[in-house]
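Asker: One structure is given below, represented as structure tokens, and several questions about it will come after.
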Amino acid sequence: MKFKLRHILTAACAAVAASACAAQGVPESRTLTLGAYTTPREAFREIHRDFKKLWRERHGEAIEIRESYLGSGAQSRAVVDGFPADVVVLSLEPDVERIVKAGLITHPWREAPQAGILTRSLVAFAVRAGNPKGIRDWADLARPDVEVLSPNPRTSGGAMWNILAAYGAAERGHVAGFPAGSEGGAAYLAALLKRVIAMDKGARESILTFEKGLGDVALSYENEIKVGAAQSLGYPYDLVLPASTILIENPVALVDKNIERHGNRALAEAYRDYLFSPAAQRVFAKWGFRPVNPEAQRETAKEFRDPPNLFTIAAFGGWAKAVPEFFGKGGLFMRLSEQERTVQK
Amino acid sequence: MAKSHPEHRQNPWVKYGLITAVAAYLLWLLGLPIFTLIRHTVEIGAGRIAEELWQSEVAHAFALTVLLSLGAVLFNGVFGTLVAYVMVRQRFRGRALINAILDLPFAVSPVVVGYMLILLFGKAGWLQGLAEWTGISWVFAWPGMLVATLFVTFPFVVREVMPVLEEVGTEQEEAARTLGAGGWKIFWRITLPGIRWGLLYGVSLTLARALGEFGAVLVVGAGVSGSTETATIYVYRAMEERMFGGAYAASLILIGFSFLLLLGMEWFKKRSNV
Amino acid sequence: MSTTASLPTLRSWDVKGWGLRAVALSYLAFLLLLPLAALVQDGFREGPGVFFANIFRPTAWAALKLTLWTSALMAAVNGVIGTLTAYVLVRYRFFGKSLLNAVVDLPFAIPTLVTGVMLVILYGPRDLLGGFFHQHFDWKILFAPPAIVLALLFVNYPIVVRSVQPVLEELDFAEEEAAATLGASSWRTFWRVVFPAIRPALLSGVLLSFARALGEFGSIVVVAGNLPLRSQTAAVYVWGEIESENRLGASAMSIVLLACSFTLVLFVDWLQRRKGRGRG
């Protein structure tokens, strides 16, 4: 049998060349790269479809939007390490500030519309359908018969919001059995962390683990639980809002250095502005986010209930204070998680 | 199989007991998961699957996987054969050491492969200068992913071609040389046909590994949809976005590739033994 | 071996020979050695003290221990099942044998991530097998160490089979037959006659699958749950450390993993070469 290896090799070369050309695709100025945290994927899928259509109608050209979703902290570090995102949508302000410090964001991003905040949400509980364990508030999460899921604060922004919400609720005296004040806050946080049985990398991974049947309650973004409860193919679950929780604010920013390199500033700015438009904000609301656009807010007000004791990051003196106090080396969370380790040993 | 096996002396209870045990184990280990995957895919239904799969990013992901796999076949096919040739046909100091190093990729976790490349090409890496000078971005881009794929698939061609080269020997090559044939001609006419089945077997192993690579390309490329997302990374993302139809169907497509490769491998293996 | 052992070293004027060697070795150096050197340099950049501190951090140490024991358990089970499979494939003739023989390689060809996805579907608490175990025994398989062992069993299945099979094929069954006619039981025959012959190959296979299991990622990341201290393996730990910017921790663990498996691979290499020489 005569086997023409040479022909195969030639064909392989040709195929590689062809697919290399195919992979090149659209020029960079007509491409936008979004680096986001893990939960707004569904909303963005819809928003991108609409925005592409709008852009084609207005400018007569096709654009491409590339998306990457990672835990907020991980995404922010990836951008610092060279991931060429033009726009970042992150879970919390410090993750944007990290990119500012790296010199990649050069404009005062806080001066954008809505002070750079794209969406809002709350820290809430996902419980098994019908709430068989009767979980109503923070105190129930420290019960010995309850297993809790919360992601890892080292990679996930949602996890940091969770920790602050738990501590804040106890510190303000809203967790039964724990005294108000910083000691009560720390004691409750310690008790809660003992109940955490899985720490996934991001909020999305965490809620998916819950859907697969692990744990009795998952701490997460309100929007993440709403969307998940509607879409899950796994175990059904319900949303429980505790009486006291933190208001989550998710920032958006343009990454100037990458935009300069790609030459797509007009596109990036138009995209950012579109995200704040009533149309896009309505989509966010549809996927469980609390919109910041007043028009969309009015329309969807009845879908979002505010718990009686809502607090914000300002209660902790802002992120600049909260990050080192809780998540830095020797911060409260780090101390408690090391303690838990030694207890287990 | 020249040996006559003493079938008649075998205790049939032992024989069929063992066969049943192995078959049952394989059914449980391999059959049941694949069956379940098919069942769930069918349950989801063609409509939803088509809607989720029929996206330009998905096509891009599969195209990238094909590109990386072909790149691996091309580079490691050529250089793997070359390395095997040098290892078998030349004697030099340090050859034993290099022979050991050839197996290194078998021992490295895919995550570590990706991480090493980030260290090398990323910020403050040794080759960052090279990256800037060439203007090619390696990390978070397909060139880095190709290097990662090359790393993990490197040993296959070398390890399959080396024994065949040894077996073929140098006699025919020497004969051709005395007849005045040039080195290149000898390689094309004598050496390559001699090793072709071994080479093709190595190539199919390379393909199988490259098609299925996940950890290394994920860490280097970060899995950006429409850009550095491969077929396996798409499956991972689709699971996270609850697009189970897309995830399961893409998984089945990948398994289909595996089956085809397996058939090819069986065939090449038989050939290379002849 | 005999044809090549007598090869002369290259003469200084053999430009082509030197050229080929230079190209081959540069490719090796660039592809394999350079990244390795970068990793080792990074791991030790703050001295061995910091390196070891990073390994003995509770999360790192627990991940390493988990990886070691799950891999060891898998290797032991695969040693038994793999030998059994190889024995059945070589020793018996039966309907569907060639199919069985081909299917053995399947786990190697299936992407490990897809393996993970299949196991998640099968062993989830609401799914086919997972539901059964969950309801009747209250076992949690998924997102716990048993899932890690399962994934490893799947992914590494072919290794032992494929290293024992050729040795069994070369084995002279006359001896086994003789033992059987002398009235020895099948079990005794196996232990006395077959097992000693395949022992080196079995050891190679078991060690190799152990070495490969240490770094397994794609299948485990989906099924393991990745809870630090409880269900996070070393490779997944490295991934987490990369993303949370603990470069030193990632490098240190990577070096340990690499050193463990590479030593094993080298040892297996040595075993096989010794065996080869002994026979020749």
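Going by the structure tokens order, chains are called A, B, ..., each with residues numbered from 1, while ligands are numbered from 1 in the order shown.
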Provide as number ranges by chain the residues of chain A at most 12 Å from chain C, counting only C-alpha atoms.

Answerer: A: 70-81, 95, 149-157, 196-202, 205-215, 233-236, 337-345

Asker: Store the residues picked out above, limited to N, CA and C atoms, as a compact mmCIF listing (two decimals), in the first residue's frame.

Answerer:
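So again-v2.txt came out as:
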# COMPACT_ATOMS: atom_id res chain seq x y z
N LEU A 70 -14.55 35.93 35.05
CA LEU A 70 -13.76 35.32 36.11
C LEU A 70 -14.24 35.92 37.42
N GLY A 71 -13.88 35.29 38.53
CA GLY A 71 -14.11 35.93 39.81
C GLY A 71 -13.55 37.34 39.74
N SER A 72 -14.20 38.30 40.41
CA SER A 72 -13.85 39.71 40.23
C SER A 72 -12.37 39.98 40.50
N GLY A 73 -11.86 39.43 41.60
CA GLY A 73 -10.45 39.64 41.93
C GLY A 73 -9.54 39.03 40.87
N ALA A 74 -9.88 37.83 40.45
CA ALA A 74 -9.07 37.15 39.45
C ALA A 74 -9.10 37.92 38.13
N GLN A 75 -10.26 38.44 37.77
CA GLN A 75 -10.38 39.19 36.52
C GLN A 75 -9.52 40.45 36.58
N SER A 76 -9.60 41.14 37.70
CA SER A 76 -8.84 42.37 37.86
C SER A 76 -7.34 42.08 37.75
N ARG A 77 -6.88 40.99 38.36
CA ARG A 77 -5.46 40.64 38.28
C ARG A 77 -5.07 40.24 36.87
N ALA A 78 -6.01 39.56 36.18
CA ALA A 78 -5.72 39.17 34.80
C ALA A 78 -5.50 40.41 33.95
N VAL A 79 -6.32 41.45 34.15
CA VAL A 79 -6.16 42.68 33.37
C VAL A 79 -4.81 43.32 33.69
N VAL A 80 -4.46 43.34 34.99
CA VAL A 80 -3.16 43.89 35.38
C VAL A 80 -2.03 43.08 34.72
N ASP A 81 -2.21 41.79 34.63
CA ASP A 81 -1.19 40.92 34.04
C ASP A 81 -1.17 40.95 32.52
N ASP A 95 -11.26 46.25 43.08
CA ASP A 95 -10.76 45.52 41.93
C ASP A 95 -10.52 46.46 40.75
N LEU A 149 -22.73 27.58 51.77
CA LEU A 149 -21.79 27.77 50.66
C LEU A 149 -21.52 29.25 50.48
N SER A 150 -20.26 29.58 50.32
CA SER A 150 -19.89 30.96 49.99
C SER A 150 -18.57 30.87 49.26
N PRO A 151 -18.38 31.68 48.20
CA PRO A 151 -17.12 31.54 47.46
C PRO A 151 -15.90 32.03 48.23
N ASN A 152 -14.75 31.92 47.59
CA ASN A 152 -13.49 32.26 48.25
C ASN A 152 -13.16 33.74 48.03
N PRO A 153 -13.03 34.51 49.12
CA PRO A 153 -12.78 35.95 48.97
C PRO A 153 -11.48 36.27 48.27
N ARG A 154 -10.60 35.31 48.17
CA ARG A 154 -9.33 35.63 47.52
C ARG A 154 -9.49 35.73 46.01
N THR A 155 -10.52 35.10 45.46
CA THR A 155 -10.73 35.22 44.03
C THR A 155 -12.06 35.90 43.71
N SER A 156 -13.01 35.85 44.62
CA SER A 156 -14.37 36.28 44.29
C SER A 156 -14.74 37.56 45.02
N GLY A 157 -15.28 38.52 44.26
CA GLY A 157 -15.75 39.74 44.89
C GLY A 157 -17.03 39.49 45.68
N VAL A 196 -19.29 26.96 56.78
CA VAL A 196 -19.07 26.98 55.33
C VAL A 196 -18.42 25.67 54.91
N ILE A 197 -19.06 24.96 53.98
CA ILE A 197 -18.51 23.66 53.59
C ILE A 197 -17.86 23.68 52.21
N ALA A 198 -18.08 24.70 51.40
CA ALA A 198 -17.38 24.75 50.12
C ALA A 198 -17.12 26.19 49.74
N MET A 199 -15.90 26.44 49.30
CA MET A 199 -15.53 27.78 48.86
C MET A 199 -15.11 27.72 47.40
N ASP A 200 -16.03 28.01 46.51
CA ASP A 200 -15.70 27.98 45.10
C ASP A 200 -14.95 29.25 44.71
N LYS A 201 -14.51 29.26 43.44
CA LYS A 201 -13.68 30.37 42.99
C LYS A 201 -14.48 31.63 42.71
N GLY A 202 -15.72 31.45 42.31
CA GLY A 202 -16.52 32.63 41.98
C GLY A 202 -17.96 32.42 42.42
N GLU A 205 -19.78 29.74 40.24
CA GLU A 205 -19.40 28.37 40.57
C GLU A 205 -20.09 27.93 41.86
N SER A 206 -20.16 28.87 42.81
CA SER A 206 -20.73 28.55 44.11
C SER A 206 -22.21 28.20 44.00
N ILE A 207 -22.97 29.00 43.26
CA ILE A 207 -24.41 28.74 43.16
C ILE A 207 -24.66 27.47 42.36
N LEU A 208 -23.77 27.18 41.40
CA LEU A 208 -23.93 25.93 40.64
C LEU A 208 -23.70 24.72 41.53
N THR A 209 -22.74 24.85 42.44
CA THR A 209 -22.51 23.76 43.39
C THR A 209 -23.76 23.55 44.24
N PHE A 210 -24.39 24.64 44.63
CA PHE A 210 -25.62 24.55 45.41
C PHE A 210 -26.71 23.85 44.61
N GLU A 211 -26.81 24.19 43.34
CA GLU A 211 -27.82 23.56 42.47
C GLU A 211 -27.62 22.06 42.38
N LYS A 212 -26.36 21.64 42.54
CA LYS A 212 -26.10 20.21 42.43
C LYS A 212 -26.37 19.49 43.74
N GLY A 213 -26.86 20.21 44.73
CA GLY A 213 -27.33 19.52 45.91
C GLY A 213 -26.46 19.64 47.14
N LEU A 214 -25.39 20.42 47.06
CA LEU A 214 -24.51 20.54 48.21
C LEU A 214 -24.97 21.70 49.08
N GLY A 215 -25.05 21.49 50.38
CA GLY A 215 -25.33 22.58 51.31
C GLY A 215 -26.82 22.86 51.49
N LEU A 233 -31.37 23.59 36.32
CA LEU A 233 -31.84 22.25 35.96
C LEU A 233 -31.63 21.30 37.13
N GLY A 234 -30.96 21.80 38.15
CA GLY A 234 -30.67 20.96 39.31
C GLY A 234 -31.77 21.09 40.35
N TYR A 235 -31.40 21.05 41.63
CA TYR A 235 -32.39 21.19 42.70
C TYR A 235 -33.02 22.58 42.66
N PRO A 236 -34.32 22.68 42.83
CA PRO A 236 -34.94 24.00 42.89
C PRO A 236 -34.59 24.70 44.21
N SER A 337 -9.97 32.46 59.19
CA SER A 337 -9.87 31.23 58.39
C SER A 337 -8.64 30.43 58.79
N GLU A 338 -7.57 31.11 59.24
CA GLU A 338 -6.43 30.35 59.74
C GLU A 338 -6.79 29.63 61.04
N GLN A 339 -7.59 30.33 61.88
CA GLN A 339 -8.02 29.72 63.14
C GLN A 339 -8.80 28.45 62.88
N GLU A 340 -9.72 28.55 61.93
CA GLU A 340 -10.54 27.39 61.64
C GLU A 340 -9.66 26.22 61.25
N ARG A 341 -8.62 26.54 60.50
CA ARG A 341 -7.71 25.48 60.08
C ARG A 341 -7.06 24.80 61.27
N THR A 342 -6.61 25.62 62.23
CA THR A 342 -5.92 25.01 63.36
C THR A 342 -6.89 24.23 64.22
N VAL A 343 -8.15 24.70 64.29
CA VAL A 343 -9.15 23.98 65.08
C VAL A 343 -9.36 22.60 64.47
N GLN A 344 -9.40 22.58 63.13
CA GLN A 344 -9.67 21.31 62.46
C GLN A 344 -8.56 20.29 62.63
N LYS A 345 -7.36 20.79 62.80
CA LYS A 345 -6.19 19.89 62.82
C LYS A 345 -6.30 18.85 63.91

Asker: Write out as a Markdown table a residue-level contact list of chain B versus chain A with cut-off 6 Å: for each qualifying residue the closest pair of atoms and the distance in Å to one decimal, counting only C-alpha atoms, rows sorted by chain and residue number upward.

Answerer:
| residue | atom | partner | partner_atom | distance |
| --- | --- | --- | --- | --- |
| B:Leu67 | CA | A:Val16 | CA | 5.8 |
| B:Phe140 | CA | A:Phe83 | CA | 5.9 |
| B:Val224 | CA | A:Ser68 | CA | 4.6 |
| B:Ser225 | CA | A:Glu67 | CA | 5.4 |
| B:Gly226 | CA | A:Arg66 | CA | 5.5 |

Asker: Give me, as a CSV table (one decimal) with N, CA and C atoms, in the first residue's frame, the contact residues of chain B against chain C at a cut-off of 6 Å, counting only C-alpha atoms.

Answerer:
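Below you can see result_30.csv, which holds the result:
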chain,number,residue,atom,x,y,z
B,22,VAL,N,-14.6,-8.0,34.3
B,22,VAL,CA,-14.0,-6.9,33.6
B,22,VAL,C,-15.0,-6.1,32.8
B,33,PRO,N,-21.3,6.4,32.2
B,33,PRO,CA,-21.2,7.8,32.0
B,33,PRO,C,-21.6,8.3,30.6
B,37,LEU,N,-24.7,10.7,29.5
B,37,LEU,CA,-24.5,11.9,28.8
B,37,LEU,C,-25.4,12.0,27.5
B,83,VAL,N,13.9,15.1,16.5
B,83,VAL,CA,14.5,14.8,17.8
B,83,VAL,C,14.7,13.2,17.9
B,86,VAL,N,17.7,12.3,15.7
B,86,VAL,CA,18.9,12.6,16.4
B,86,VAL,C,19.2,11.7,17.6
B,91,ARG,N,25.2,9.6,18.6
B,91,ARG,CA,25.7,9.4,19.9
B,91,ARG,C,26.4,10.6,20.4
B,107,ALA,N,4.9,14.2,33.0
B,107,ALA,CA,4.9,14.4,34.5
B,107,ALA,C,4.4,15.7,34.9
B,108,VAL,N,4.1,16.6,34.0
B,108,VAL,CA,3.8,18.0,34.4
B,108,VAL,C,2.2,18.2,34.3
B,109,SER,N,1.7,18.7,35.4
B,109,SER,CA,0.2,19.0,35.4
B,109,SER,C,0.0,20.1,34.4
B,112,VAL,N,0.2,23.5,35.6
B,112,VAL,CA,1.6,24.0,35.8
B,112,VAL,C,2.2,24.4,34.4
B,116,MET,N,3.8,27.9,33.9
B,116,MET,CA,5.2,28.2,33.5
B,116,MET,C,5.3,29.1,32.3
B,169,GLY,N,16.6,0.3,11.4
B,169,GLY,CA,18.0,0.2,11.3
B,169,GLY,C,18.5,1.1,10.2
B,208,ALA,N,-5.2,13.5,19.7
B,208,ALA,CA,-6.2,13.2,20.8
B,208,ALA,C,-5.9,14.0,22.0
B,212,GLY,N,-8.2,17.5,23.4
B,212,GLY,CA,-8.9,17.4,24.7
B,212,GLY,C,-8.2,18.3,25.7
B,215,GLY,N,-6.6,22.3,30.9
B,215,GLY,CA,-5.9,23.1,31.9
B,215,GLY,C,-4.9,24.0,31.4
B,251,SER,N,-19.7,18.2,24.3
B,251,SER,CA,-19.0,17.0,24.9
B,251,SER,C,-19.2,15.8,24.0
B,255,ILE,N,-16.4,13.6,22.1
B,255,ILE,CA,-16.3,12.2,22.3
B,255,ILE,C,-16.3,11.5,20.9
B,258,SER,N,-13.0,11.6,19.6
B,258,SER,CA,-12.2,10.6,20.3
B,258,SER,C,-12.4,9.2,19.7

Asker: Identify, on the basis of only C-alpha atoms, every residue whose closest approach to segment 227-244 of chain B does not exceed 6 Å; exclude the query and any residue fewer than 6 positions from it along the same chain; express the result as a list in words.

Answerer: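 Near segment 227-244 of chain B, the qualifying residues are Ala61, Phe62, Leu64, Thr65, Phe214 and Gly221 of chain B.
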
Asker: Okay, now the selection with N, CA and C atoms, as a compact mmCIF listing (two decimals), in the first residue's frame?

Answerer:
# COMPACT_ATOMS: atom_id res chain seq x y z
N ALA B 61 -14.64 28.54 18.87
CA ALA B 61 -13.99 27.65 19.84
C ALA B 61 -13.53 26.36 19.16
N PHE B 62 -14.41 25.77 18.36
CA PHE B 62 -14.02 24.52 17.70
C PHE B 62 -12.92 24.79 16.67
N LEU B 64 -10.63 27.05 16.85
CA LEU B 64 -9.37 27.24 17.57
C LEU B 64 -8.81 25.90 18.01
N THR B 65 -9.68 25.01 18.50
CA THR B 65 -9.22 23.68 18.89
C THR B 65 -8.58 22.97 17.70
N PHE B 214 -7.17 20.97 28.27
CA PHE B 214 -8.04 21.95 28.93
C PHE B 214 -7.23 22.87 29.86
N GLY B 221 -4.49 31.05 28.20
CA GLY B 221 -5.36 31.87 27.35
C GLY B 221 -6.47 32.55 28.10

Asker: Any chance you could list, as a ChimeraX atom specification, the residues in segment 75-216 of chain A that come up helix (DSSP H, G or I) when DSSP is run on the backbone?

Answerer: /A:75-80,93-101,109-111,113-116,138-141,157-171,182-195,203-211

Asker: Excluding Ala285 of chain A and residues on its chain fewer than 5 positions from it, collect all residues at most 9 Å away from it, counting only C-alpha atoms, and give them as JSON, numbers by chain.

Answerer: {"A": [43, 119, 223, 280, 290, 291, 296, 297, 300, 303]}

Asker: Distance atom CA of Ile313 of chain A-atom CA of Arg120 of chain A, one decimal place?

Answerer: 12.3 Å

Asker: Please provide the set of residues having any atom within 7 Å of segment 201-203 of chain C, restricted to only C-alpha atoms, with same-chain residues fewer than 6 positions apart removed, written as a PyMOL selection string.

Answerer: chain C and resi 79+160+163-164

Asker: Skipping near chain neighbours, those fewer than 4 positions away, what residues fall within 12 Å of Leu205 of chain B using only C-alpha atoms, listed as an MDAnalysis selection string?

Answerer: (chainID B and resid 69 72:73 76:77 152:160 198:201 209:212 258 260:266 268:269) or (chainID C and resid 105:106 108:110)

Asker: Which residues are close to segment 249-253 of chain A, i.e. within 8 Å by only C-alpha atoms, leaving aside same-chain residues fewer than 5 positions away? Reply as a PyMOL selection string.

Answerer: chain A and resi 87-93+96+105+109+116-121+272
